[in-house]
file structure28.txt (compact mmCIF, C-alpha atoms)
# COMPACT_ATOMS: atom_id res chain seq x y z
CA MET W 15 211.46 162.53 240.47
CA HIS W 16 213.05 162.53 243.91
CA ALA W 17 211.36 163.74 247.06
CA LEU W 18 214.65 165.28 248.08
CA PRO W 19 216.96 166.93 245.58
CA MET W 20 219.79 164.49 245.04
CA ARG W 21 222.26 167.14 246.07
CA ALA W 22 220.74 167.17 249.51
CA PHE W 23 222.59 163.96 250.29
CA ASP W 24 226.36 164.06 250.06
CA PRO W 25 227.53 160.46 250.25
CA ARG W 26 231.10 161.02 249.11
CA LEU W 27 232.56 159.53 252.30
CA TYR W 28 229.78 157.60 253.98
CA LEU W 29 230.65 156.16 257.39
CA VAL W 30 228.73 153.07 258.50
CA THR W 31 229.17 152.51 262.21
CA ASP W 32 230.13 149.24 263.86
CA THR W 33 229.82 149.38 267.63
CA ALA W 34 232.20 146.50 268.29
CA LEU W 35 234.89 147.90 265.99
CA CYS W 36 234.64 151.33 267.63
CA ALA W 37 235.17 149.87 271.13
CA PRO W 38 236.51 150.74 273.59
CA ARG W 39 235.62 154.15 272.20
CA SER W 40 231.92 154.99 271.93
CA VAL W 41 230.31 155.23 268.50
CA PRO W 42 229.50 158.95 268.92
CA GLU W 43 233.11 159.60 269.86
CA VAL W 44 234.34 157.89 266.70
CA VAL W 45 231.69 159.65 264.59
CA ALA W 46 232.76 163.04 265.94
CA ALA W 47 236.37 162.38 265.00
CA ALA W 48 235.46 160.95 261.63
CA VAL W 49 233.26 163.91 260.71
CA ALA W 50 236.04 166.28 261.73
CA GLY W 51 238.23 164.30 259.32
CA GLY W 52 235.85 164.71 256.40
CA VAL W 53 233.07 162.11 256.59
CA THR W 54 230.08 163.49 254.66
CA ALA W 55 227.28 161.12 255.79
CA VAL W 56 226.76 158.68 258.67
CA GLN W 57 224.76 155.47 258.87
CA VAL W 58 224.13 154.03 262.31
CA ARG W 59 224.23 150.25 262.01
CA ASP W 60 224.15 147.80 264.90
CA LYS W 61 222.53 144.47 264.11
CA THR W 62 223.15 143.12 267.61
CA ALA W 63 221.58 145.98 269.58
CA GLY W 64 217.95 145.87 270.65
CA ARG W 65 215.78 148.71 269.37
CA ARG W 66 215.95 150.53 272.70
CA GLU W 67 219.75 150.64 272.56
CA LEU W 68 219.71 151.50 268.86
CA LEU W 69 217.39 154.45 269.48
CA ALA W 70 219.66 155.74 272.24
CA LEU W 71 222.71 155.29 270.00
CA THR W 72 221.03 157.08 267.10
CA ARG W 73 220.12 160.02 269.30
CA ALA W 74 223.64 160.19 270.71
CA VAL W 75 225.07 160.33 267.18
CA GLN W 76 222.50 162.98 266.33
CA VAL W 77 223.85 165.16 269.13
CA VAL W 78 227.33 164.87 267.64
CA LEU W 79 225.99 165.91 264.22
CA ARG W 80 223.89 168.79 265.54
CA ASN W 81 226.23 171.43 264.15
CA ARG W 82 226.86 169.54 260.91
CA PRO W 83 223.56 169.98 259.03
CA GLY W 84 225.15 168.85 255.78
CA VAL W 85 226.05 165.47 257.23
CA ARG W 86 222.96 163.29 256.92
CA LEU W 87 222.16 160.66 259.52
CA ILE W 88 220.76 157.40 258.18
CA VAL W 89 219.57 154.46 260.30
CA ASN W 90 220.21 150.92 259.14
CA ASP W 91 217.10 148.71 258.94
CA ALA W 92 215.15 150.19 261.89
CA VAL W 93 212.36 152.33 260.44
CA ASP W 94 210.73 152.68 263.86
CA VAL W 95 213.96 154.04 265.32
CA ALA W 96 214.44 156.43 262.40
CA LEU W 97 210.92 157.77 262.84
CA LEU W 98 211.34 158.30 266.58
CA ALA W 99 214.74 159.94 266.22
CA GLY W 100 213.70 162.04 263.25
CA ALA W 101 216.70 160.74 261.30
CA ASP W 102 217.29 161.81 257.72
CA GLY W 103 216.60 158.38 256.32
CA VAL W 104 216.83 154.60 256.42
CA HIS W 105 219.07 152.11 254.69
CA VAL W 106 217.66 148.64 254.09
CA GLY W 107 219.20 145.38 253.00
CA GLN W 108 217.50 142.59 251.14
CA ASP W 109 216.26 140.98 254.40
CA ASP W 110 214.92 144.23 255.82
CA LEU W 111 211.57 145.83 255.04
CA PRO W 112 210.97 146.33 251.31
CA ALA W 113 211.75 149.86 250.11
CA ASP W 114 208.18 150.62 249.07
CA GLU W 115 206.93 149.68 252.55
CA VAL W 116 209.63 151.83 254.11
CA ARG W 117 208.57 154.75 251.91
CA ALA W 118 204.98 154.31 253.08
CA LEU W 119 206.12 154.66 256.69
CA LEU W 120 208.69 157.43 256.22
CA GLY W 121 206.71 159.70 253.95
CA PRO W 122 208.17 161.62 251.01
CA ASP W 123 210.77 163.76 252.78
CA ARG W 124 213.37 161.28 253.97
CA LEU W 125 216.11 159.36 252.22
CA ILE W 126 215.92 155.65 251.48
CA GLY W 127 218.95 153.60 250.55
CA VAL W 128 218.88 149.96 249.47
CA SER W 129 221.69 147.43 249.37
CA VAL W 130 222.15 145.90 245.94
CA GLY W 131 224.43 142.95 245.25
CA SER W 132 223.58 142.07 241.67
CA ALA W 133 222.12 143.40 238.44
CA ALA W 134 218.86 141.61 239.23
CA GLU W 135 218.55 143.35 242.60
CA LEU W 136 219.28 146.70 240.96
CA THR W 137 216.64 146.04 238.31
CA ALA W 138 214.11 145.40 241.07
CA VAL W 139 214.95 148.73 242.71
CA LEU W 140 214.70 150.57 239.40
CA ALA W 141 211.28 149.01 238.81
CA LEU W 142 209.86 150.71 241.91
CA PRO W 143 207.82 153.89 241.46
CA ALA W 144 209.96 157.01 240.98
CA GLY W 145 210.84 158.61 244.28
CA THR W 146 210.73 155.39 246.28
CA VAL W 147 214.49 154.96 246.58
CA ASP W 148 217.19 157.62 246.61
CA LEU W 149 220.39 155.64 246.74
CA VAL W 150 221.73 152.15 246.24
CA GLY W 151 224.63 150.69 248.15
CA LEU W 152 226.55 148.41 245.79
CA SER W 153 227.74 145.63 248.03
CA PRO W 154 230.21 144.17 248.58
CA VAL W 155 232.98 145.51 246.41
CA TRP W 156 235.13 142.83 247.96
CA ALA W 157 234.18 140.19 250.49
CA THR W 158 234.53 141.52 254.03
CA PRO W 159 234.56 140.05 257.52
CA THR W 160 232.27 142.80 258.91
CA LYS W 161 229.37 141.51 256.81
CA PRO W 162 229.82 137.77 256.36
CA ASP W 163 226.26 137.36 255.00
CA ALA W 164 227.00 139.57 252.00
CA GLY W 165 227.57 137.83 248.68
CA PRO W 166 230.80 137.46 246.72
CA GLY W 167 232.49 140.65 245.68
CA LEU W 168 231.31 142.69 242.71
CA GLY W 169 234.85 143.85 241.94
CA LEU W 170 235.62 147.23 240.42
CA ASP W 171 234.13 146.29 237.06
CA GLY W 172 230.90 145.14 238.67
CA VAL W 173 230.64 148.34 240.68
CA ARG W 174 231.33 150.45 237.60
CA ALA W 175 228.58 148.74 235.60
CA LEU W 176 225.96 148.84 238.36
CA ALA W 177 226.77 152.45 239.26
CA ALA W 178 226.26 153.52 235.66
CA THR W 179 222.91 151.74 235.50
CA ALA W 180 221.79 153.18 238.83
CA ARG W 181 222.75 156.73 237.91
CA ALA W 182 221.09 156.39 234.52
CA GLY W 183 217.96 155.47 236.47
CA GLY W 184 218.18 158.61 238.58
CA LEU W 185 219.63 157.01 241.71
CA GLN W 186 222.74 157.85 243.64
CA ALA W 187 225.15 154.94 244.02
CA VAL W 188 227.72 154.24 246.68
CA ALA W 189 230.04 151.29 247.04
CA ILE W 190 230.63 149.33 250.24
CA GLY W 191 232.56 146.32 251.37
CA GLY W 192 236.29 145.89 251.75
CA ILE W 193 237.18 149.48 250.96
CA SER W 194 240.55 150.36 252.50
CA GLU W 195 242.87 153.33 252.41
CA GLY W 196 244.86 151.49 249.75
CA ASN W 197 242.00 150.83 247.33
CA ALA W 198 239.61 153.74 248.02
CA ALA W 199 240.75 155.81 245.06
CA SER W 200 240.22 152.92 242.67
CA VAL W 201 236.67 152.49 243.96
CA ALA W 202 235.93 156.21 243.75
CA ALA W 203 237.16 156.12 240.14
CA THR W 204 234.40 153.68 239.14
CA GLY W 205 231.94 156.57 238.95
CA VAL W 206 230.09 156.02 242.23
CA ASP W 207 228.79 159.03 244.14
CA GLY W 208 230.64 157.91 247.22
CA ILE W 209 232.40 155.22 249.15
CA CYS W 210 231.19 153.61 252.36
CA VAL W 211 233.70 152.74 255.04
CA VAL W 212 233.15 150.63 258.15
CA SER W 213 236.29 149.09 259.66
CA GLY W 214 238.68 151.46 257.87
CA ILE W 215 237.43 154.23 260.14
CA CYS W 216 235.71 152.49 263.09
CA ALA W 217 238.73 150.31 263.82
CA ALA W 218 241.34 152.97 263.06
CA ALA W 219 243.61 154.11 265.87
CA ASP W 220 242.94 157.68 264.70
CA PRO W 221 239.51 157.85 263.01
CA ALA W 222 239.93 161.52 262.07
CA ALA W 223 243.23 160.82 260.33
CA ALA W 224 241.76 157.77 258.61
CA ALA W 225 238.77 159.82 257.41
CA ARG W 226 241.16 162.41 255.99
CA VAL W 227 242.96 159.73 253.99
CA PHE W 228 239.71 158.27 252.64
CA ARG W 229 238.31 161.70 251.89
CA ALA W 230 241.36 162.59 249.83
CA ALA W 231 240.48 159.63 247.60
CA VAL W 232 237.05 160.96 246.62
CA PRO W 233 236.28 163.99 244.42
CA GLY W 234 235.57 167.38 245.94
CA PRO W 235 237.48 169.68 248.25
CA VAL W 236 239.02 168.09 251.31
CA PRO W 237 238.34 170.05 254.51
CA ALA W 238 241.38 171.74 256.03
CA MET X 286 192.05 155.74 281.10
CA HIS X 287 192.63 153.25 278.29
CA ALA X 288 192.54 154.12 274.63
CA LEU X 289 190.77 150.82 274.06
CA PRO X 290 188.26 149.42 276.53
CA MET X 291 190.02 146.65 278.40
CA ARG X 292 187.38 144.19 277.28
CA ALA X 293 188.47 144.73 273.72
CA PHE X 294 191.44 142.51 274.38
CA ASP X 295 190.74 138.98 275.53
CA PRO X 296 194.08 137.53 276.64
CA ARG X 297 192.74 134.47 278.43
CA LEU X 298 194.73 132.08 276.27
CA TYR X 299 197.41 134.11 274.55
CA LEU X 300 199.50 132.23 272.01
CA VAL X 301 203.02 133.53 271.36
CA THR X 302 204.41 132.02 268.18
CA ASP X 303 207.81 130.40 267.80
CA THR X 304 208.65 129.64 264.19
CA ALA X 305 211.23 126.96 264.97
CA LEU X 306 208.92 125.15 267.37
CA CYS X 307 206.08 125.18 264.84
CA ALA X 308 208.28 123.57 262.15
CA PRO X 309 207.85 121.68 259.95
CA ARG X 310 204.36 123.18 260.06
CA SER X 311 204.05 126.85 259.16
CA VAL X 312 203.22 129.38 261.87
CA PRO X 313 199.87 130.32 260.24
CA GLU X 314 198.94 126.64 260.09
CA VAL X 315 199.60 126.21 263.81
CA VAL X 316 197.80 129.47 264.60
CA ALA X 317 194.72 128.34 262.68
CA ALA X 318 194.58 125.09 264.62
CA ALA X 319 195.26 126.81 267.95
CA VAL X 320 192.53 129.37 267.41
CA ALA X 321 190.10 126.61 266.51
CA GLY X 322 191.07 125.04 269.83
CA GLY X 323 190.31 128.19 271.83
CA VAL X 324 193.25 130.58 271.69
CA THR X 325 191.89 134.10 272.35
CA ALA X 326 194.85 136.26 271.27
CA VAL X 327 197.98 135.78 269.15
CA GLN X 328 201.40 137.40 269.36
CA VAL X 329 203.73 136.93 266.41
CA ARG X 330 207.25 136.64 267.76
CA ASP X 331 210.34 135.73 265.75
CA LYS X 332 213.55 137.26 267.00
CA THR X 333 215.62 135.56 264.29
CA ALA X 334 213.63 136.74 261.27
CA GLY X 335 214.53 139.91 259.42
CA ARG X 336 211.83 142.55 259.26
CA ARG X 337 210.86 141.59 255.72
CA GLU X 338 210.18 138.01 256.75
CA LEU X 339 208.44 139.13 259.93
CA LEU X 340 206.12 141.40 257.96
CA ALA X 341 205.22 138.55 255.61
CA LEU X 342 204.66 136.23 258.57
CA THR X 343 202.46 138.78 260.34
CA ARG X 344 200.33 139.26 257.24
CA ALA X 345 200.00 135.50 256.78
CA VAL X 346 198.77 135.13 260.36
CA GLN X 347 196.39 138.04 259.77
CA VAL X 348 194.81 136.14 256.91
CA VAL X 349 194.19 133.20 259.24
CA LEU X 350 192.56 135.52 261.80
CA ARG X 351 190.44 137.37 259.24
CA ASN X 352 187.21 135.70 260.38
CA ARG X 353 188.12 135.90 264.06
CA PRO X 354 187.74 139.59 264.86
CA GLY X 355 187.77 138.89 268.59
CA VAL X 356 191.24 137.37 268.40
CA ARG X 357 193.68 140.25 268.52
CA LEU X 358 196.99 140.09 266.66
CA ILE X 359 199.97 141.56 268.46
CA VAL X 360 203.49 141.89 267.01
CA ASN X 361 206.51 141.34 269.24
CA ASP X 362 209.02 144.19 269.26
CA ALA X 363 208.62 145.35 265.64
CA VAL X 364 206.64 148.58 265.68
CA ASP X 365 207.39 149.23 262.02
CA VAL X 366 205.98 145.83 261.07
CA ALA X 367 202.88 146.36 263.23
CA LEU X 368 202.23 149.71 261.57
CA LEU X 369 202.59 148.29 258.07
CA ALA X 370 200.42 145.26 258.78
CA GLY X 371 197.84 147.25 260.70
CA ALA X 372 198.15 144.83 263.61
CA ASP X 373 196.15 145.35 266.79
CA GLY X 374 199.19 146.15 268.88
CA VAL X 375 202.79 145.61 269.89
CA HIS X 376 204.42 143.77 272.75
CA VAL X 377 207.80 145.03 273.91
CA GLY X 378 210.42 143.61 276.23
CA GLN X 379 212.89 145.54 278.30
CA ASP X 380 215.42 145.70 275.43
CA ASP X 381 212.86 146.83 272.86
CA LEU X 382 211.63 150.37 272.31
CA PRO X 383 210.30 152.03 275.49
CA ALA X 384 206.51 151.88 275.80
CA ASP X 385 206.06 155.65 275.66
CA GLU X 386 208.02 155.80 272.40
CA VAL X 387 205.95 152.95 271.00
CA ARG X 388 202.76 154.80 271.98
CA ALA X 389 204.01 157.87 270.11
CA LEU X 390 204.40 155.79 266.95
CA LEU X 391 201.25 153.68 267.26
CA GLY X 392 198.80 156.39 268.25
CA PRO X 393 196.02 155.94 270.80
CA ASP X 394 194.03 153.12 269.20
CA ARG X 395 196.32 150.11 269.45
CA LEU X 396 197.30 147.83 272.29
CA ILE X 397 200.70 147.94 273.95
CA GLY X 398 201.98 145.15 276.15
CA VAL X 399 205.19 145.25 278.15
CA SER X 400 207.20 142.40 279.64
CA VAL X 401 207.74 142.80 283.36
CA GLY X 402 210.05 140.58 285.40
CA SER X 403 210.13 142.35 288.76
CA ALA X 404 208.27 144.75 291.02
CA ALA X 405 210.66 147.51 289.96
CA GLU X 406 209.87 147.00 286.28
CA LEU X 407 206.16 147.01 287.04
CA THR X 408 206.54 150.24 289.02
CA ALA X 409 208.21 151.82 286.01
CA VAL X 410 205.29 150.82 283.77
CA LEU X 411 202.74 152.12 286.26
CA ALA X 412 204.61 155.45 286.40
CA LEU X 413 203.94 156.06 282.69
CA PRO X 414 201.09 158.38 281.70
CA ALA X 415 197.68 156.70 281.84
CA GLY X 416 196.82 155.05 278.55
CA THR X 417 200.41 154.36 277.55
CA VAL X 418 200.35 150.64 278.34
CA ASP X 419 197.40 148.23 278.24
CA LEU X 420 198.87 145.00 279.47
CA VAL X 421 201.89 143.59 281.25
CA GLY X 422 203.34 140.17 280.60
CA LEU X 423 204.65 138.82 283.91
CA SER X 424 207.68 136.86 282.88
CA PRO X 425 208.85 134.22 283.42
CA VAL X 426 206.62 132.27 285.74
CA TRP X 427 209.25 129.57 285.59
CA ALA X 428 212.56 129.57 283.76
CA THR X 429 212.10 128.34 280.18
CA PRO X 430 214.35 127.22 277.36
CA THR X 431 212.39 129.23 274.74
CA LYS X 432 213.57 132.49 276.30
CA PRO X 433 216.97 131.88 277.88
CA ASP X 434 217.57 135.62 278.39
CA ALA X 435 214.59 135.95 280.73
CA GLY X 436 215.36 136.19 284.43
CA PRO X 437 214.74 133.64 287.17
CA GLY X 438 211.17 132.54 287.66
CA LEU X 439 208.65 134.69 289.55
CA GLY X 440 206.82 131.62 290.81
CA LEU X 441 203.10 131.56 291.48
CA ASP X 442 203.39 133.87 294.50
CA GLY X 443 205.37 136.41 292.51
CA VAL X 444 202.85 136.32 289.68
CA ARG X 445 199.96 136.70 292.13
CA ALA X 446 201.50 139.76 293.78
CA LEU X 447 202.48 141.50 290.54
CA ALA X 448 199.13 140.74 288.89
CA ALA X 449 197.29 142.33 291.81
CA THR X 450 199.44 145.45 291.61
CA ALA X 451 199.05 145.69 287.86
CA ARG X 452 195.29 145.29 287.96
CA ALA X 453 195.02 147.82 290.78
CA GLY X 454 196.85 150.19 288.45
CA GLY X 455 194.34 149.61 285.67
CA LEU X 456 196.41 147.24 283.57
CA GLN X 457 195.63 143.78 282.31
CA ALA X 458 198.16 141.15 283.37
CA VAL X 459 199.11 137.89 281.75
CA ALA X 460 201.69 135.34 282.81
CA ILE X 461 204.28 133.74 280.54
CA GLY X 462 207.15 131.33 280.81
CA GLY X 463 207.12 127.64 281.53
CA ILE X 464 203.33 127.27 281.48
CA SER X 465 202.38 123.69 280.63
CA GLU X 466 199.17 121.71 280.46
CA GLY X 467 199.96 120.43 283.93
CA ASN X 468 200.43 123.79 285.66
CA ALA X 469 198.17 126.08 283.61
CA ALA X 470 195.27 125.98 286.08
CA SER X 471 197.53 126.96 288.96
CA VAL X 472 198.79 129.96 286.99
CA ALA X 473 195.27 130.98 285.98
CA ALA X 474 194.29 130.82 289.65
CA THR X 475 196.78 133.57 290.57
CA GLY X 476 194.35 136.18 289.31
CA VAL X 477 195.95 136.98 285.98
CA ASP X 478 193.75 137.93 283.04
CA GLY X 479 195.30 135.23 280.96
CA ILE X 480 198.10 132.79 280.36
CA CYS X 481 200.62 132.92 277.52
CA VAL X 482 201.74 129.72 275.91
CA VAL X 483 204.61 129.19 273.48
CA SER X 484 205.99 125.67 273.28
CA GLY X 485 202.92 124.06 274.87
CA ILE X 486 201.02 124.83 271.68
CA CYS X 487 203.68 125.52 269.01
CA ALA X 488 205.49 122.24 269.70
CA ALA X 489 202.37 120.17 270.31
CA ALA X 490 201.64 117.31 267.95
CA ASP X 491 198.03 118.53 267.87
CA PRO X 492 197.96 122.30 268.52
CA ALA X 493 194.14 122.43 268.49
CA ALA X 494 193.90 119.72 271.12
CA ALA X 495 196.61 121.38 273.20
CA ALA X 496 194.81 124.72 272.99
CA ARG X 497 191.61 123.02 274.19
CA VAL X 498 193.42 121.68 277.24
CA PHE X 499 194.97 125.05 278.09
CA ARG X 500 191.70 126.86 277.48
CA ALA X 501 189.91 124.56 279.91
CA ALA X 502 192.31 125.82 282.57
CA VAL X 503 191.29 129.49 282.25
CA PRO X 504 187.96 131.06 283.28
CA GLY X 505 185.20 131.56 280.74
CA PRO X 506 183.29 129.27 278.43
CA VAL X 507 185.35 126.81 276.42
CA PRO X 508 184.35 126.71 272.75
CA ALA X 509 182.60 123.53 271.67
call {"tool": "encode", "arguments": {"input": "structure28.txt", "output": "structure tokens"}}
result
Amino acid sequence: MHALPMRAFDPRLYLVTDTALCAPRSVPEVVAAAVAGGVTAVQVRDKTAGRRELLALTRAVQVVLRNRPGVRLIVNDAVDVALLAGADGVHVGQDDLPADEVRALLGPDRLIGVSVGSAAELTAVLALPAGTVDLVGLSPVWATPTKPDAGPGLGLDGVRALAATARAGGLQAVAIGGISEGNAASVAATGVDGICVVSGICAAADPAAAARVFRAAVPGPVPA
Amino acid sequence: MHALPMRAFDPRLYLVTDTALCAPRSVPEVVAAAVAGGVTAVQVRDKTAGRRELLALTRAVQVVLRNRPGVRLIVNDAVDVALLAGADGVHVGQDDLPADEVRALLGPDRLIGVSVGSAAELTAVLALPAGTVDLVGLSPVWATPTKPDAGPGLGLDGVRALAATARAGGLQAVAIGGISEGNAASVAATGVDGICVVSGICAAADPAAAARVFRAAVPGPVPA
């Protein structure tokens, strides 16, 4: 059903970058530390950068991940950038290109994630032809200042219900929005395949240490 | 030298759309009137729209141009949208994807335009492999409120000099920025292949009538 075996994408601790929150450190610098701390997948997101800057940023993160083949690199929104960089996939929100159009551009071998904020949006994703979408990002768990346009929070019960539906439909599900070191374990316990973290790692004084704390909250062996 | 014969693109009166300035009319509605008035090429530009909305807008404009095969449809910035819509080309600014990267995505058969605001930027375009770029948009002729991030105006002398250099290098050249009904003829007289108009048509009470006035300022027969 999926172009890529689901196991090919390990979203247990999925870092979504925020250039402003990483500053004054560079995004690649923070990504390198975070991956050393246990991040399992990286999404480059920068809604304020032009596509030229986003392409350069994506390639710089790719260099950091060169010796981490298990850590997939996903580009937020920008299909053209993902194609040029040869990224592992694209994540789209409800205002970005529709998933079936993205699939037409990316071909069958790359990952596509879609943000889902309600049962209706999940139903729409599940209605797409098999193999169109690989993963849904259930968003937001709680309202968050890094994404003010996102809807009201789903809460743990909402995440649990949507994750079960998504997984029953053959999709991976991750949760994003307001996940902190203090609540990460409760989110992981909802049955999602992973948790997404933005400010909890990008704004951390020690991103590697923060990643270690988050990673300890999700199932699977924590790297030494 | 060019993937498309230069004649295939007629940029004499090149409309660049601005969704806010067209309101409360829709962009396709304004484009239809403008083309009836003599617009020879259309660029869909909307820096505030998400890619989903931009794709829908591009396709809606395409429907309007269906019976006007001589009027090329160019998409600003969004290579992914241009590919999905099957548009005739892409126009990129200095913050958008580099022209050689755009050419790699678009293949040899589509038009690529690049915004150029100085002799140095033009030199960089001319240094690209032959066939990479088809057209440069000399910008801005005069400072303009529709593009506050553009640099200081080139003036008519600046446009004349850059247009000559561009054309000597095998590129088409158009001018954009601050072109009004009152100054259009003076811009056309600099030797550019065409003039670009945004607010002069998009904000006009009668876009068809405005297009007729602008079109009368550029060489070539004016449609009846």
call {"tool": "residues_near_point", "arguments": {"input": "structure28.txt", "point": "(220.6, 143.7, 256.4)", "cutoff": "7 Å", "atoms": "all atoms listed in the file", "output": "list in words"}}
result
Asp91, Val106, Gly107, Gln108, Asp109 and Asp110 of chain W
call {"tool": "residues_around", "arguments": {"input": "structure28.txt", "residues": "Leu382 (chain X)", "least_positions_apart": "6", "cutoff": "8 Å", "atoms": "only C-alpha atoms", "output": "list in words"}}
result
Gly64, Arg65, Arg66 and Leu69 of chain W; Asp362 of chain X
call {"tool": "closest_residue", "arguments": {"input": "structure28.txt", "among": "W:Arg59, W:Arg117, W:Arg86, W:Arg181", "to": "chain X", "atoms": "all atoms listed in the file"}}
result
W:Arg117
call {"tool": "residues_near_point", "arguments": {"input": "structure28.txt", "point": "(234.1, 159.2, 264.7)", "cutoff": "12 Å", "atoms": "only C-alpha atoms", "output": "number ranges by chain"}}
result
W: 28-33, 35-37, 39-58, 75, 78-79, 211-226
call {"tool": "atom_distance", "arguments": {"input": "structure28.txt", "atom1": "CA of Leu358 (chain X)", "atom2": "CA of Leu413 (chain X)"}}
result
23.7 Å
call {"tool": "closest_residue", "arguments": {"input": "structure28.txt", "among": "X:Ala453, X:Val426, X:Gly374, X:Gly416", "to": "Gly438 (chain X)", "atoms": "only C-alpha atoms"}}
result
X:Val426
call {"tool": "atom_distance", "arguments": {"input": "structure28.txt", "atom1": "CA of Arg73 (chain W)", "atom2": "CA of Val116 (chain W)"}}
result
20.2 Å
call {"tool": "atom_distance", "arguments": {"input": "structure28.txt", "atom1": "CA of Leu71 (chain W)", "atom2": "CA of Gly371 (chain X)"}}
result
27.7 Å
call {"tool": "residues_around", "arguments": {"input": "structure28.txt", "residues": "region 123-127 of chain W", "least_positions_apart": "5", "cutoff": "7 Å", "atoms": "only C-alpha atoms", "output": "VMD selection string"}}
result
chain W and resid 17 to 18 102 to 106 147 to 151
call {"tool": "write_last_selection", "arguments": {"input": "structure28.txt", "atoms": "C-alpha atoms", "output": "PDB file, keeping the file's coordinate frame"}}
result
ATOM      1  CA  ALA W  17     211.360 163.740 247.060  1.00  0.00           C
ATOM      2  CA  LEU W  18     214.650 165.280 248.080  1.00  0.00           C
ATOM      3  CA  ASP W 102     217.290 161.810 257.720  1.00  0.00           C
ATOM      4  CA  GLY W 103     216.600 158.380 256.320  1.00  0.00           C
ATOM      5  CA  VAL W 104     216.830 154.600 256.420  1.00  0.00           C
ATOM      6  CA  HIS W 105     219.070 152.110 254.690  1.00  0.00           C
ATOM      7  CA  VAL W 106     217.660 148.640 254.090  1.00  0.00           C
ATOM      8  CA  VAL W 147     214.490 154.960 246.580  1.00  0.00           C
ATOM      9  CA  ASP W 148     217.190 157.620 246.610  1.00  0.00           C
ATOM     10  CA  LEU W 149     220.390 155.640 246.740  1.00  0.00           C
ATOM     11  CA  VAL W 150     221.730 152.150 246.240  1.00  0.00           C
ATOM     12  CA  GLY W 151     224.630 150.690 248.150  1.00  0.00           C
TER      13      GLY W 151
END
call {"tool": "closest_residue", "arguments": {"input": "structure28.txt", "among": "W:Ala63, W:Asn90, W:Thr146, W:Ala189", "to": "chain X", "atoms": "all atoms listed in the file"}}
result
W:Ala63
call {"tool": "closest_residue", "arguments": {"input": "structure28.txt", "among": "X:Leu411, X:Arg351, X:Val356, X:Gly443", "to": "Leu298 (chain X)", "atoms": "all atoms listed in the file"}}
result
X:Val356
call {"tool": "closest_residue", "arguments": {"input": "structure28.txt", "among": "X:Gly355, X:Gly392, X:Gly462, X:Pro383", "to": "Pro296 (chain X)", "atoms": "all atoms listed in the file"}}
result
X:Gly355
call {"tool": "closest_residue", "arguments": {"input": "structure28.txt", "among": "W:Ala70, W:Ala144, W:Ala34, W:Ala175", "to": "chain X", "atoms": "only C-alpha atoms"}}
result
W:Ala70
call {"tool": "residues_around", "arguments": {"input": "structure28.txt", "residues": "Ala141 (chain W)", "least_positions_apart": "2", "cutoff": "12 Å", "atoms": "only C-alpha atoms", "output": "ChimeraX atom specification"}}
result
/W:113-114,134-139,143-147,180,183-185
call {"tool": "axis_aligned_box", "arguments": {"input": "structure28.txt", "around": "region 114-129 of chain W", "padding_each_side": "3 Å", "output": "JSON"}}
result
{"center_x": 213.3, "center_y": 155.6, "center_z": 252.9, "size_x": 22.7, "size_y": 22.3, "size_z": 13.6}
call {"tool": "residues_around", "arguments": {"input": "structure28.txt", "residues": "Trp156 (chain W)", "least_positions_apart": "3", "cutoff": "9 Å", "atoms": "only C-alpha atoms", "output": "list in words"}}
result
Ser153, Pro166, Gly167, Leu168, Gly169, Leu170, Ile190, Gly191, Gly192 and Ile193 of chain W
